[in-house]
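Data block for protein-v8.csv (CSV, C-alpha atoms):
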chain,number,residue,atom,x,y,z
A,1,MET,CA,3.8,18.1,43.9
A,2,ALA,CA,4.1,21.3,45.9
A,3,TYR,CA,3.6,21.5,49.6
A,4,ASP,CA,0.0,22.4,50.3
A,5,ALA,CA,-0.8,23.2,54.0
A,6,SER,CA,-4.5,23.7,53.1
A,7,THR,CA,-4.9,19.9,52.8
A,8,LEU,CA,-3.8,19.2,56.4
A,9,PRO,CA,-6.5,17.9,58.8
A,10,ASP,CA,-7.9,19.9,61.7
A,11,VAL,CA,-6.0,18.8,64.8
A,12,SER,CA,-7.0,21.7,67.1
A,13,GLY,CA,-9.2,19.4,69.2
A,14,LEU,CA,-6.5,16.8,69.9
A,15,THR,CA,-4.9,16.5,73.3
A,16,VAL,CA,-1.1,16.3,73.1
A,17,GLY,CA,0.7,14.4,75.8
A,18,ILE,CA,4.4,14.7,76.3
A,19,ILE,CA,6.3,12.0,78.0
A,20,GLY,CA,9.4,13.6,79.3
A,21,GLY,CA,7.6,16.9,79.4
A,22,THR,CA,9.8,18.3,82.2
A,23,GLY,CA,13.0,18.1,80.2
A,24,ASP,CA,14.1,20.9,77.9
A,25,GLN,CA,12.8,19.5,74.6
A,26,GLY,CA,9.5,18.4,76.2
A,27,ARG,CA,8.9,21.6,78.0
A,28,GLY,CA,9.7,23.6,74.8
A,29,LEU,CA,7.2,21.6,72.7
A,30,ALA,CA,4.6,21.9,75.4
A,31,TYR,CA,5.0,25.7,75.5
A,32,ARG,CA,4.6,26.0,71.8
A,33,PHE,CA,1.6,23.9,71.6
A,34,ALA,CA,0.0,25.7,74.6
A,35,ARG,CA,0.7,29.0,72.8
A,36,ALA,CA,-1.2,27.6,69.8
A,37,GLY,CA,-4.2,26.7,72.0
A,38,GLN,CA,-3.6,23.0,71.9
A,39,ALA,CA,-4.6,21.0,75.0
A,40,VAL,CA,-1.4,19.8,76.6
A,41,LEU,CA,-0.6,17.1,79.2
A,42,ILE,CA,2.9,17.1,80.8
A,43,GLY,CA,4.1,13.7,81.7
A,44,SER,CA,6.8,12.7,84.2
A,45,ARG,CA,7.6,9.8,86.5
A,46,ASP,CA,6.9,12.3,89.3
A,47,ALA,CA,3.3,13.6,89.0
A,48,GLY,CA,4.1,16.5,91.3
A,49,ARG,CA,7.0,17.6,89.1
A,50,ALA,CA,4.8,17.3,86.1
A,51,ALA,CA,2.1,19.5,87.7
A,52,ALA,CA,4.6,22.1,88.7
A,53,ALA,CA,6.0,22.3,85.1
A,54,ALA,CA,2.5,22.6,83.7
A,55,ARG,CA,1.7,25.5,86.0
A,56,GLU,CA,4.9,27.2,85.0
A,57,ILE,CA,4.2,26.7,81.3
A,58,ALA,CA,0.6,28.0,81.7
A,59,GLY,CA,2.0,31.2,83.0
A,60,LEU,CA,4.5,31.9,80.3
A,61,PRO,CA,4.1,34.8,77.8
A,62,GLY,CA,1.9,34.0,74.9
A,63,VAL,CA,-0.1,31.3,76.6
A,64,GLY,CA,-3.7,32.5,76.8
A,65,PRO,CA,-5.9,32.2,79.9
A,66,ALA,CA,-8.1,29.6,78.2
A,67,ALA,CA,-5.1,27.3,77.5
A,68,THR,CA,-5.3,23.9,79.0
A,69,VAL,CA,-1.9,22.7,80.4
A,70,THR,CA,-1.9,20.1,83.1
A,71,GLY,CA,0.6,17.6,84.5
A,72,ALA,CA,0.3,13.9,85.6
A,73,ASP,CA,2.4,10.8,85.7
A,74,ASN,CA,3.4,9.2,82.5
A,75,ASP,CA,0.8,6.4,82.7
A,76,GLU,CA,-2.1,8.8,83.1
A,77,VAL,CA,-0.8,11.1,80.3
A,78,ALA,CA,-0.5,8.1,78.0
A,79,ARG,CA,-4.1,7.1,78.7
A,80,LEU,CA,-5.7,10.6,78.4
A,81,SER,CA,-3.9,11.9,75.3
A,82,ASP,CA,-4.8,11.5,71.6
A,83,VAL,CA,-1.2,12.1,70.5
A,84,VAL,CA,1.8,11.3,72.7
A,85,ILE,CA,5.3,12.7,72.1
A,86,VAL,CA,8.2,10.8,73.6
A,87,ALA,CA,10.9,13.3,74.6
A,88,VAL,CA,12.9,11.4,77.2
A,89,PRO,CA,16.7,11.0,77.4
A,90,TRP,CA,18.0,8.2,75.3
A,91,ASP,CA,19.3,6.2,78.3
A,92,GLY,CA,15.8,6.0,79.7
A,93,HIS,CA,14.0,5.5,76.3
A,94,GLU,CA,13.6,1.7,76.3
A,95,SER,CA,12.4,1.3,79.8
A,96,THR,CA,10.0,4.3,79.7
A,97,VAL,CA,8.4,3.3,76.4
A,98,ALA,CA,8.1,-0.4,77.4
A,99,ALA,CA,6.3,0.5,80.6
A,100,LEU,CA,3.7,2.4,78.6
A,101,ALA,CA,2.8,-0.2,76.0
A,102,GLU,CA,-0.6,-0.9,77.4
A,103,PRO,CA,-1.9,2.7,77.8
A,104,LEU,CA,-0.4,3.7,74.5
A,105,ALA,CA,-2.2,0.9,72.5
A,106,GLY,CA,-4.1,2.5,69.7
A,107,LYS,CA,-2.5,5.9,70.2
A,108,ILE,CA,-0.4,8.0,67.9
A,109,VAL,CA,3.1,8.0,69.3
A,110,VAL,CA,5.7,10.6,68.0
A,111,ASP,CA,9.2,9.8,69.0
A,112,CYS,CA,11.7,12.7,68.9
A,113,VAL,CA,14.6,11.0,70.8
A,114,ASN,CA,18.1,11.1,69.4
A,115,PRO,CA,20.5,8.4,70.5
A,116,LEU,CA,23.7,10.4,70.9
A,117,GLY,CA,26.9,10.0,72.8
A,118,PHE,CA,29.4,12.7,73.8
A,119,ASP,CA,33.2,12.6,74.2
A,120,LYS,CA,36.1,15.0,73.9
A,121,GLN,CA,35.5,15.2,70.1
A,122,GLY,CA,31.9,16.2,70.6
A,123,PRO,CA,28.5,14.5,69.8
A,124,TYR,CA,28.2,11.3,67.8
A,125,ALA,CA,25.4,8.9,66.8
A,126,LEU,CA,25.1,5.7,68.9
A,127,THR,CA,24.4,2.3,67.4
A,128,VAL,CA,20.8,1.1,68.2
A,129,THR,CA,20.0,-2.6,67.8
A,130,GLU,CA,16.7,-1.9,66.1
A,131,GLY,CA,18.3,0.7,63.8
A,132,SER,CA,16.9,3.9,65.5
A,133,ALA,CA,15.1,5.1,68.6
A,134,VAL,CA,11.8,5.2,66.7
A,135,GLN,CA,12.3,1.6,65.5
A,136,GLN,CA,12.9,0.6,69.1
A,137,ALA,CA,9.7,2.4,70.1
A,138,ALA,CA,7.8,0.6,67.2
A,139,ARG,CA,9.1,-2.8,68.5
A,140,LEU,CA,8.0,-2.0,72.0
A,141,LEU,CA,4.6,-0.6,71.0
A,142,PRO,CA,3.2,-3.1,68.4
A,143,GLU,CA,-0.4,-1.8,69.0
A,144,SER,CA,0.5,1.9,68.6
A,145,ARG,CA,0.8,4.1,65.5
A,146,VAL,CA,4.4,5.2,65.7
A,147,CYS,CA,6.4,7.9,63.8
A,148,ALA,CA,9.5,10.0,64.2
A,149,ALA,CA,9.3,13.8,64.2
A,150,PHE,CA,10.6,16.9,65.9
A,151,ASN,CA,14.1,15.5,66.2
A,152,HIS,CA,15.8,18.6,64.9
A,153,VAL,CA,13.9,21.3,66.8
A,154,SER,CA,16.1,23.4,69.1
A,155,ALA,CA,15.0,23.4,72.7
A,156,PRO,CA,16.3,27.0,73.3
A,157,LEU,CA,14.2,28.3,70.3
A,158,LEU,CA,11.1,26.5,71.6
A,159,ALA,CA,11.5,28.1,75.0
A,160,ASP,CA,12.2,31.6,73.8
A,161,PRO,CA,9.1,33.7,74.5
A,162,ASP,CA,10.3,36.5,72.2
A,163,LEU,CA,10.1,34.2,69.1
A,164,ASP,CA,6.7,34.2,67.4
A,165,ARG,CA,8.0,31.9,64.6
A,166,ILE,CA,10.4,29.0,64.3
A,167,ASP,CA,11.3,28.6,60.6
A,168,LEU,CA,12.2,25.0,60.0
A,169,ASP,CA,10.9,21.7,58.6
A,170,VAL,CA,10.0,18.8,60.8
A,171,LEU,CA,11.0,15.5,59.1
A,172,ILE,CA,8.5,12.7,59.6
A,173,CYS,CA,9.3,9.0,59.2
A,174,THR,CA,6.5,6.4,59.5
A,175,GLU,CA,5.0,3.3,58.0
A,176,ASP,CA,1.5,4.9,58.4
A,177,ARG,CA,1.0,7.5,55.7
A,178,GLU,CA,-2.1,8.8,57.4
A,179,LEU,CA,0.0,9.9,60.3
A,180,VAL,CA,2.0,12.2,58.1
A,181,GLY,CA,-0.9,14.6,57.7
A,182,VAL,CA,-1.8,14.5,61.4
A,183,VAL,CA,1.8,15.2,62.6
A,184,ALA,CA,2.4,17.8,59.9
A,185,ALA,CA,-0.8,19.6,61.0
A,186,LEU,CA,0.5,19.6,64.6
A,187,ALA,CA,3.8,21.0,63.4
A,188,ALA,CA,2.0,23.7,61.5
A,189,ARG,CA,0.3,24.8,64.8
A,190,ILE,CA,3.7,26.3,65.5
A,191,PRO,CA,4.1,29.3,63.2
A,192,GLY,CA,7.0,28.8,60.7
A,193,MET,CA,7.1,25.0,60.9
A,194,ARG,CA,6.2,22.5,58.2
A,195,GLY,CA,5.9,18.8,58.5
A,196,VAL,CA,7.6,16.9,55.6
A,197,TYR,CA,7.4,13.2,54.9
A,198,ALA,CA,10.9,11.8,54.9
A,199,GLY,CA,10.4,8.0,54.4
A,200,ARG,CA,9.7,4.9,56.3
A,201,LEU,CA,10.9,4.2,59.8
A,202,ARG,CA,14.1,2.6,58.5
A,203,ASN,CA,15.1,6.1,57.3
A,204,ALA,CA,14.9,7.6,60.7
A,205,HIS,CA,18.4,6.6,61.7
A,206,GLN,CA,20.1,9.2,59.7
A,207,ILE,CA,17.6,11.8,60.8
A,208,GLU,CA,18.3,11.1,64.5
A,209,ALA,CA,22.1,10.9,63.8
A,210,PHE,CA,22.1,14.2,62.0
A,211,THR,CA,21.3,16.0,65.2
A,212,ALA,CA,25.0,15.5,66.1
A,213,ASN,CA,25.9,17.6,63.0
A,214,LEU,CA,23.4,20.3,64.0
A,215,ILE,CA,25.0,20.4,67.5
A,216,ALA,CA,28.4,20.9,65.8
A,217,ILE,CA,27.0,23.6,63.6
A,218,ASN,CA,25.4,25.4,66.6
A,219,LYS,CA,28.6,25.3,68.5
A,220,ARG,CA,30.8,26.6,65.7
A,221,TYR,CA,28.4,29.4,64.6
A,222,ARG,CA,26.8,30.1,67.9
A,223,THR,CA,23.3,29.6,66.6
A,224,HIS,CA,20.3,27.2,66.8
A,225,ALA,CA,20.3,25.6,63.4
A,226,GLY,CA,17.4,23.6,62.0
A,227,ILE,CA,16.5,22.0,58.7
A,228,ARG,CA,14.6,23.5,55.7
A,229,VAL,CA,13.9,21.4,52.6
A,230,THR,CA,14.2,23.4,49.4
A,231,ASP,CA,12.1,23.2,46.2
A,232,LEU,CA,9.0,22.0,48.1
Go through the file and emit its structure as structure tokens.
Amino acid sequence: MAYDASTLPDVSGLTVGIIGGTGDQGRGLAYRFARAGQAVLIGSRDAGRAAAAAREIAGLPGVGPAATVTGADNDEVARLSDVVIVAVPWDGHESTVAALAEPLAGKIVVDCVNPLGFDKQGPYALTVTEGSAVQQAARLLPESRVCAAFNHVSAPLLADPDLDRIDLDVLICTEDRELVGVVAALAARIPGMRGVYAGRLRNAHQIEAFTANLIAINKRYRTHAGIRVTDL
């Protein structure tokens, strides 16, 4: 079965909230979705910092005057968004997600956190009790619809205003097959991206861990490597 983007649902009316939206990955995703005309909410523990980041993103090249980019604290963003992307540092992942269990009930939650450590030999995957960051999120958010996606998207590419396209595939892991279409459609809002189903949540560990390999590739070849699935 070939990949057919025409079958994806219309997600243009969804509000995307980003928990950790003031970090590099979160800001980059917010920028790309804002460029696509998606309503975006920037979340942070500090509402003032989130609002400042939102104003900055709204003024970046490619973001139209009609774009809606606002900032608030994490709790408010979780309550007001249709889809919430978790893009916080790994060391704050468990506490941040656990604190948002109530406002995230019934929401689509996309976890893009990669549990990595760094030493003199470079990055390496950390052991997570639940198996992966997204499985930890699923345990903490039993009433949410959880998936992993956007783990391999380079923050510098997302933030580069001169790039109109980012050619890579977004691997999606979830127990909820309906989410695949929604998240793939969000990925497709960024020109060049495709969302590809990559298995259940138990398969997310190797996707998160592979980010360490991409960092090594980027360092060796001075690039911003991503993933593209062939023959699809």
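Each of A:Val229, A:Ala187, A:Ala204, A:Val11 was compared to A:Val134 using only C-alpha atoms, and A:Ala204 turns out to be the nearest.
For the pair atom CA of A:Val196 and atom CA of A:Val109, the interatomic distance is 16.9 Å.
Distance-wise, atom CA of A:Leu126 and atom CA of A:Ala50 end up 29.0 Å apart.
Nearest-residue note for A:Asn114: choosing from A:Thr211, A:Gln25, A:Thr68, A:Asn203, the minimum distance belongs to A:Thr211, counting all atoms listed in the file.
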>> Excluding stretch 44-47 of chain A and its own-chain neighbours fewer than 5 positions away, which residues fall within 6 Å of it when counting only C-alpha atoms? Please give them as a PyMOL selection string.
In response: chain A and resi 20+72-74
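Distances here use all atoms listed in the file; by that measure, the residue among A:Ala105, A:Ala98, A:Leu29, A:Ile18 closest to A:Leu158 is A:Leu29.
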> Which of these residues is nearest to A:Arg27, using only C-alpha atoms: A:Asn218, A:Ser12, A:Ser154, A:Gln136?
Replying inline: A:Ser154
